[in-house]
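So this block is structure04.cif, mmCIF, C-alpha atoms and all ligand atoms:
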```
data_query
loop_
_atom_site.group_PDB
_atom_site.id
_atom_site.type_symbol
_atom_site.label_atom_id
_atom_site.label_comp_id
_atom_site.auth_asym_id
_atom_site.auth_seq_id
_atom_site.Cartn_x
_atom_site.Cartn_y
_atom_site.Cartn_z
ATOM 1 C CA MET A 945 -6.406 253.776 19.289
ATOM 2 C CA SER A 946 -6.108 254.380 23.010
ATOM 3 C CA ASP A 947 -4.804 251.979 25.624
ATOM 4 C CA ALA A 948 -7.243 250.395 28.056
ATOM 5 C CA ILE A 949 -7.095 248.210 31.138
ATOM 6 C CA GLU A 950 -9.820 246.278 32.933
ATOM 7 C CA LEU A 951 -9.990 246.202 36.725
ATOM 8 C CA PRO A 952 -12.174 243.769 38.692
ATOM 9 C CA ILE A 953 -14.831 245.702 40.600
ATOM 10 C CA ASP A 954 -14.010 243.707 43.735
ATOM 11 C CA ASP A 955 -10.492 245.198 43.718
ATOM 12 C CA LEU A 956 -11.714 248.801 43.538
ATOM 13 C CA PRO A 957 -12.267 251.221 46.426
ATOM 14 C CA GLY A 958 -15.697 251.428 48.027
ATOM 15 C CA PRO A 959 -17.953 254.511 47.927
ATOM 16 C CA GLY A 960 -16.231 257.627 49.246
ATOM 17 C CA SER A 961 -12.732 256.198 49.011
ATOM 18 C CA MET A 962 -9.836 256.016 46.573
ATOM 19 C CA LYS A 963 -6.694 254.032 45.811
ATOM 20 C CA ARG A 964 -3.590 254.346 43.702
ATOM 21 C CA ILE A 965 -2.588 251.877 41.012
ATOM 22 C CA ASP A 966 0.261 251.714 38.533
ATOM 23 C CA ALA A 967 -0.989 251.798 34.944
ATOM 24 C CA PHE A 968 -0.182 253.442 31.618
ATOM 25 C CA GLY A 969 3.353 254.102 32.856
ATOM 26 C CA GLU A 970 2.259 256.349 35.686
ATOM 27 C CA ARG A 971 0.482 256.403 39.033
ATOM 28 C CA VAL A 972 -3.272 256.484 38.528
ATOM 29 C CA LEU A 973 -5.823 257.427 41.167
ATOM 30 C CA ILE A 974 -9.094 255.489 41.134
ATOM 31 C CA ALA A 975 -11.853 257.254 43.087
ATOM 32 C CA ASN A 976 -15.346 256.033 43.899
ATOM 33 C CA LEU A 977 -17.868 258.802 44.405
ATOM 34 C CA ASP A 978 -21.111 257.137 45.465
ATOM 35 C CA GLY A 979 -20.637 254.305 42.987
ATOM 36 C CA VAL A 980 -19.364 256.487 40.130
ATOM 37 C CA PHE A 981 -15.723 255.770 39.350
ATOM 38 C CA HIS A 982 -13.166 258.328 38.244
ATOM 39 C CA ALA A 983 -9.571 257.729 37.153
ATOM 40 C CA VAL A 984 -7.048 260.552 37.046
ATOM 41 C CA SER A 985 -3.321 261.019 37.295
ATOM 42 C CA ASP A 986 -2.264 260.532 40.912
ATOM 43 C CA THR A 987 0.575 263.048 40.753
ATOM 44 C CA CYS A 988 -0.133 266.676 41.609
ATOM 45 C CA THR A 989 0.978 269.078 38.886
ATOM 46 C CA HIS A 990 2.481 271.483 41.421
ATOM 47 C CA GLU A 991 5.033 269.156 42.992
ATOM 48 C CA ASP A 992 5.448 265.404 43.221
ATOM 49 C CA ALA A 993 2.692 264.707 45.754
ATOM 50 C CA SER A 994 0.415 261.681 45.619
ATOM 51 C CA LEU A 995 -3.209 262.804 45.407
ATOM 52 C CA SER A 996 -4.335 259.443 46.788
ATOM 53 C CA LEU A 997 -3.010 260.703 50.152
ATOM 54 C CA GLY A 998 -5.246 263.777 49.924
ATOM 55 C CA ALA A 999 -8.952 264.260 50.569
ATOM 56 C CA LEU A 1000 -11.817 263.102 48.389
ATOM 57 C CA LYS A 1001 -14.816 265.439 48.279
ATOM 58 C CA PRO A 1002 -17.823 265.418 45.948
ATOM 59 C CA GLY A 1003 -16.334 266.026 42.504
ATOM 60 C CA THR A 1004 -12.822 266.855 43.640
ATOM 61 C CA VAL A 1005 -9.632 265.519 45.157
ATOM 62 C CA SER A 1006 -7.347 267.817 47.112
ATOM 63 C CA CYS A 1007 -3.585 267.605 47.291
ATOM 64 C CA PRO A 1008 -2.157 266.578 50.692
ATOM 65 C CA LEU A 1009 0.825 268.933 50.381
ATOM 66 C CA HIS A 1010 -0.534 272.423 49.629
ATOM 67 C CA GLY A 1011 -4.252 271.825 49.249
ATOM 68 C CA SER A 1012 -4.932 272.498 45.577
ATOM 69 C CA ARG A 1013 -8.174 270.849 44.486
ATOM 70 C CA PHE A 1014 -8.575 269.101 41.158
ATOM 71 C CA CYS A 1015 -11.855 268.415 39.349
ATOM 72 C CA LEU A 1016 -12.234 264.653 38.885
ATOM 73 C CA ALA A 1017 -14.338 265.102 35.732
ATOM 74 C CA THR A 1018 -12.086 267.517 33.843
ATOM 75 C CA GLY A 1019 -8.767 267.349 35.698
ATOM 76 C CA ALA A 1020 -8.735 271.140 36.068
ATOM 77 C CA ALA A 1021 -6.771 272.668 38.930
ATOM 78 C CA LEU A 1022 -9.320 274.654 40.943
ATOM 79 C CA ASP A 1023 -6.983 276.331 43.440
ATOM 80 C CA GLU A 1024 -3.432 277.621 43.487
ATOM 81 C CA PRO A 1025 -0.623 276.791 43.801
ATOM 82 C CA ALA A 1026 -1.298 274.092 41.162
ATOM 83 C CA GLU A 1027 -2.151 275.581 37.772
ATOM 84 C CA ASP A 1028 -1.930 272.745 35.260
ATOM 85 C CA PRO A 1029 -4.617 270.054 34.995
ATOM 86 C CA ILE A 1030 -4.114 266.411 35.840
ATOM 87 C CA ARG A 1031 -4.753 263.733 33.203
ATOM 88 C CA VAL A 1032 -8.258 262.237 33.125
ATOM 89 C CA TYR A 1033 -8.927 258.636 32.049
ATOM 90 C CA ARG A 1034 -12.285 257.506 30.727
ATOM 91 C CA CYS A 1035 -14.061 255.001 33.003
ATOM 92 C CA THR A 1036 -16.862 252.695 31.909
ATOM 93 C CA LEU A 1037 -18.326 249.576 33.449
ATOM 94 C CA SER A 1038 -18.174 246.330 31.513
ATOM 95 C CA PRO A 1039 -21.567 245.034 30.300
ATOM 96 C CA ASP A 1040 -21.768 242.608 33.222
ATOM 97 C CA ALA A 1041 -20.678 245.364 35.670
ATOM 98 C CA ALA A 1042 -17.916 243.072 36.968
ATOM 99 C CA ARG A 1043 -15.034 245.161 35.679
ATOM 100 C CA LEU A 1044 -14.119 248.810 35.294
ATOM 101 C CA VAL A 1045 -12.648 249.656 31.906
ATOM 102 C CA VAL A 1046 -10.144 252.509 32.155
ATOM 103 C CA GLU A 1047 -8.977 254.107 28.918
ATOM 104 C CA ALA A 1048 -6.018 256.391 28.445
ATOM 105 C CA PRO A 1049 -6.840 259.671 26.719
ATOM 106 C CA GLY A 1050 -6.162 259.681 22.999
ATOM 107 C CA ASP A 1051 -3.835 262.002 21.194
ATOM 108 C CA ASP A 1052 -6.655 264.072 19.688
HETATM 109 S S1 LIG B 1 2.223 269.609 45.685
HETATM 110 FE FE1 LIG B 1 0.096 269.611 45.276
HETATM 111 S S2 LIG B 1 -0.503 271.672 45.656
HETATM 112 FE FE2 LIG B 1 1.623 271.637 46.015
#
```
Turn this file's structure into structure tokens for me.
Amino acid sequence: MSDAIELPIDDLPGPGSMKRIDAFGERVLIANLDGVFHAVSDTCTHEDASLSLGALKPGTVSCPLHGSRFCLATGAALDEPAEDPIRVYRCTLSPDAARLVVEAPGDD
């Protein structure tokens, strides 16, 4: 069974913006792309840079240090120098749309 947290929608970033939270024992980036939320690891896999300080573009976040882009849906590194993917968390809205449920990936 995977871990999950619930975040009030009112505490989340607005469309086109992102924020960093501490959850699941790491820094997690919450991004809002036109009302669709994504949650990924905030730490670049190249060096210890915070992706929340980078740039949010449709479908990607880019690292502020050397510019590698990561796919928000899959976590894949799209440009060098980063090669390894970032962790992706599953995001769903609660039935009343008041909270975002963020689930840690399972072991399978
Ligand atoms: S630290 Fe992110 S690309 Fe280098």
Q: Might you spell out which residues the PyMOL selection byres (((chain A and resi 962) around 7) and not hetatm) would select in the displayed file, as a list in words?
A: Pro957, Ser961, Lys963, Leu973, Ile974, Ala975, Asn976 and Ser996 of chain A
Q | Minimum-distance residue to ligand LIG 1 (chain B), chosen among A:Thr1018, A:Arg1034, A:Gly1003, A:Asp986 (using all atoms listed in the file) | A | A:Asp986
Q.
Show me which residues are within 12 Å of ligand LIG 1 (chain B) counting only C-alpha atoms and all ligand atoms, and format the list as a PyMOL selection string.
A. chain A and resi 986-999+1005-1014+1021-1030
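Relative to atom CA of A:Arg1043, atom CA of A:Ser985 is found at 19.8 Å.
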Q: Rank A:Ile953, A:Val1032, A:Ala948, A:Ala967 by their smallest atom-to-atom distance to A:Gly979, using all atoms listed in the file, and report the top residue only.
A: A:Ile953
Q) Suppose you want the space between atom CA of A:Arg1031 and atom CA of A:Leu1000; what is it in Å? A) 16.8 Å
Result set of the PyMOL selection byres (((chain A and resi 980) around 10) and not hetatm) on the coordinates above, as a short mmCIF file (atom, residue, chain, number, x, y, z; two decimals) with C-alpha atoms, in the frame of the given file:
```cif
data_model
loop_
_atom_site.label_atom_id
_atom_site.label_comp_id
_atom_site.auth_asym_id
_atom_site.auth_seq_id
_atom_site.Cartn_x
_atom_site.Cartn_y
_atom_site.Cartn_z
CA PRO A 959 -17.95 254.51 47.93
CA GLY A 960 -16.23 257.63 49.25
CA ALA A 975 -11.85 257.25 43.09
CA ASN A 976 -15.35 256.03 43.90
CA LEU A 977 -17.87 258.80 44.40
CA ASP A 978 -21.11 257.14 45.46
CA GLY A 979 -20.64 254.30 42.99
CA PHE A 981 -15.72 255.77 39.35
CA HIS A 982 -13.17 258.33 38.24
CA CYS A 1035 -14.06 255.00 33.00
CA THR A 1036 -16.86 252.70 31.91
CA LEU A 1037 -18.33 249.58 33.45
#
```
Q: Counting only C-alpha atoms, figure out which residue out of A:Gly969, A:Lys1001, A:Ala1041, A:Leu1016 gets nearest to A:Asp954.
A: A:Ala1041
Per-axis box centre and lengths in Å around stretch 948-964 of chain A, 3 Å margin per side, axis-aligned, as JSON:
```
{"center_x": -10.8, "center_y": 250.7, "center_z": 38.7, "size_x": 20.4, "size_y": 19.9, "size_z": 27.2}
```
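Our summary of the geometry notes that atom CA of A:Ala983 is positioned 5.2 Å from atom CA of A:Tyr1033.
Nearest to A:Gly1019 of all the residues A:Ser1038, A:Gly1050, A:Thr1004, A:Leu951 is A:Thr1004, based on all atoms listed in the file.
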**Q.** Which of A:Ile949, A:Ala1020, A:Asp955, A:Cys1015 sits closest to A:Val1045 [using only C-alpha atoms]
**A.** A:Ile949
Will you give me stretch 948-990 of chain A, written with N, CA and C atoms and laid out as a CSV table (one decimal), in the first residue's frame?
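Dumped everything to out-v8.csv:
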```
chain,number,residue,atom,x,y,z
A,948,ALA,N,0.0,8.3,1.1
A,948,ALA,CA,-0.7,9.4,0.5
A,948,ALA,C,-0.9,10.5,1.4
A,949,ILE,N,-0.9,11.8,0.9
A,949,ILE,CA,-1.2,12.9,1.7
A,949,ILE,C,-2.3,13.7,1.0
A,950,GLU,N,-3.0,14.5,1.7
A,950,GLU,CA,-4.1,15.4,1.1
A,950,GLU,C,-3.7,16.8,1.4
A,951,LEU,N,-3.8,17.6,0.3
A,951,LEU,CA,-3.4,19.0,0.4
A,951,LEU,C,-4.7,19.9,0.1
A,952,PRO,N,-5.0,20.8,0.9
A,952,PRO,CA,-6.1,21.7,0.5
A,952,PRO,C,-5.9,22.5,-0.8
A,953,ILE,N,-6.8,22.5,-1.6
A,953,ILE,CA,-6.7,23.2,-2.9
A,953,ILE,C,-6.3,24.6,-2.7
A,954,ASP,N,-6.8,25.3,-1.7
A,954,ASP,CA,-6.5,26.7,-1.5
A,954,ASP,C,-5.0,26.9,-1.1
A,955,ASP,N,-4.3,25.9,-0.7
A,955,ASP,CA,-2.9,26.0,-0.4
A,955,ASP,C,-2.0,25.8,-1.6
A,956,LEU,N,-2.6,25.4,-2.7
A,956,LEU,CA,-1.8,25.0,-3.9
A,956,LEU,C,-1.5,26.1,-4.8
A,957,PRO,N,-0.5,26.0,-5.7
A,957,PRO,CA,-0.2,27.1,-6.6
A,957,PRO,C,-1.2,27.3,-7.6
A,958,GLY,N,-1.4,28.5,-8.1
A,958,GLY,CA,-2.4,28.8,-9.2
A,958,GLY,C,-1.9,28.3,-10.5
A,959,PRO,N,-2.7,28.4,-11.6
A,959,PRO,CA,-2.3,28.0,-12.9
A,959,PRO,C,-1.0,28.6,-13.4
A,960,GLY,N,-0.2,27.8,-13.9
A,960,GLY,CA,1.1,28.3,-14.4
A,960,GLY,C,2.2,28.5,-13.4
A,961,SER,N,1.9,28.0,-12.2
A,961,SER,CA,3.0,28.2,-11.1
A,961,SER,C,3.2,26.9,-10.4
A,962,MET,N,4.2,27.0,-9.5
A,962,MET,CA,4.6,25.8,-8.8
A,962,MET,C,5.1,26.1,-7.4
A,963,LYS,N,5.1,25.2,-6.5
A,963,LYS,CA,5.7,25.4,-5.1
A,963,LYS,C,6.3,24.1,-4.7
A,964,ARG,N,7.2,24.2,-3.7
A,964,ARG,CA,7.9,23.1,-3.1
A,964,ARG,C,7.2,22.8,-1.7
A,965,ILE,N,7.0,21.5,-1.4
A,965,ILE,CA,6.6,21.1,-0.1
A,965,ILE,C,7.5,20.0,0.4
A,966,ASP,N,7.5,19.8,1.7
A,966,ASP,CA,8.2,18.6,2.3
A,966,ASP,C,7.2,17.5,2.5
A,967,ALA,N,7.4,16.4,1.9
A,967,ALA,CA,6.5,15.2,2.1
A,967,ALA,C,7.2,14.0,1.7
A,968,PHE,N,6.8,12.9,2.2
A,968,PHE,CA,7.3,11.5,1.9
A,968,PHE,C,8.9,11.5,2.2
A,969,GLY,N,9.3,12.3,3.1
A,969,GLY,CA,10.8,12.3,3.4
A,969,GLY,C,11.6,13.0,2.3
A,970,GLU,N,11.0,13.8,1.5
A,970,GLU,CA,11.8,14.5,0.5
A,970,GLU,C,11.2,15.8,0.1
A,971,ARG,N,11.8,16.6,-0.8
A,971,ARG,CA,11.2,17.8,-1.3
A,971,ARG,C,10.4,17.4,-2.5
A,972,VAL,N,9.1,17.9,-2.5
A,972,VAL,CA,8.2,17.5,-3.6
A,972,VAL,C,7.8,18.8,-4.3
A,973,LEU,N,7.8,18.8,-5.6
A,973,LEU,CA,7.4,19.9,-6.4
A,973,LEU,C,5.9,19.7,-6.8
A,974,ILE,N,5.1,20.7,-6.5
A,974,ILE,CA,3.7,20.6,-6.9
A,974,ILE,C,3.5,21.7,-8.0
A,975,ALA,N,3.1,21.3,-9.2
A,975,ALA,CA,3.0,22.2,-10.3
A,975,ALA,C,1.5,22.2,-10.8
A,976,ASN,N,1.1,23.4,-11.2
A,976,ASN,CA,-0.3,23.5,-11.7
A,976,ASN,C,-0.2,24.0,-13.2
A,977,LEU,N,-0.5,23.1,-14.1
A,977,LEU,CA,-0.5,23.4,-15.5
A,977,LEU,C,-2.0,23.5,-15.9
A,978,ASP,N,-2.4,24.8,-16.0
A,978,ASP,CA,-3.8,25.1,-16.4
A,978,ASP,C,-4.8,24.2,-15.7
A,979,GLY,N,-4.7,24.2,-14.4
A,979,GLY,CA,-5.6,23.4,-13.5
A,979,GLY,C,-5.4,22.0,-13.3
A,980,VAL,N,-4.4,21.4,-14.0
A,980,VAL,CA,-4.0,20.0,-13.9
A,980,VAL,C,-2.7,20.0,-13.0
A,981,PHE,N,-2.8,19.3,-11.9
A,981,PHE,CA,-1.7,19.3,-10.9
A,981,PHE,C,-0.8,18.1,-11.2
A,982,HIS,N,0.5,18.4,-11.0
A,982,HIS,CA,1.5,17.3,-11.1
A,982,HIS,C,2.3,17.4,-9.8
A,983,ALA,N,2.8,16.3,-9.3
A,983,ALA,CA,3.7,16.2,-8.2
A,983,ALA,C,4.9,15.4,-8.6
A,984,VAL,N,6.1,15.9,-8.4
A,984,VAL,CA,7.3,15.2,-8.8
A,984,VAL,C,8.4,15.5,-7.7
A,985,SER,N,9.4,14.8,-7.7
A,985,SER,CA,10.6,15.1,-6.8
A,985,SER,C,11.1,16.5,-7.2
A,986,ASP,N,11.4,17.3,-6.2
A,986,ASP,CA,11.9,18.6,-6.5
A,986,ASP,C,13.4,18.7,-6.7
A,987,THR,N,14.1,17.6,-6.5
A,987,THR,CA,15.6,17.6,-6.6
A,987,THR,C,16.0,17.1,-7.9
A,988,CYS,N,16.8,17.9,-8.7
A,988,CYS,CA,17.3,17.5,-9.9
A,988,CYS,C,18.2,16.3,-9.7
A,989,THR,N,18.2,15.3,-10.7
A,989,THR,CA,19.0,14.1,-10.6
A,989,THR,C,20.4,14.3,-11.1
A,990,HIS,N,20.7,15.5,-11.6
A,990,HIS,CA,22.1,15.8,-12.0
A,990,HIS,C,22.9,16.3,-10.7
```
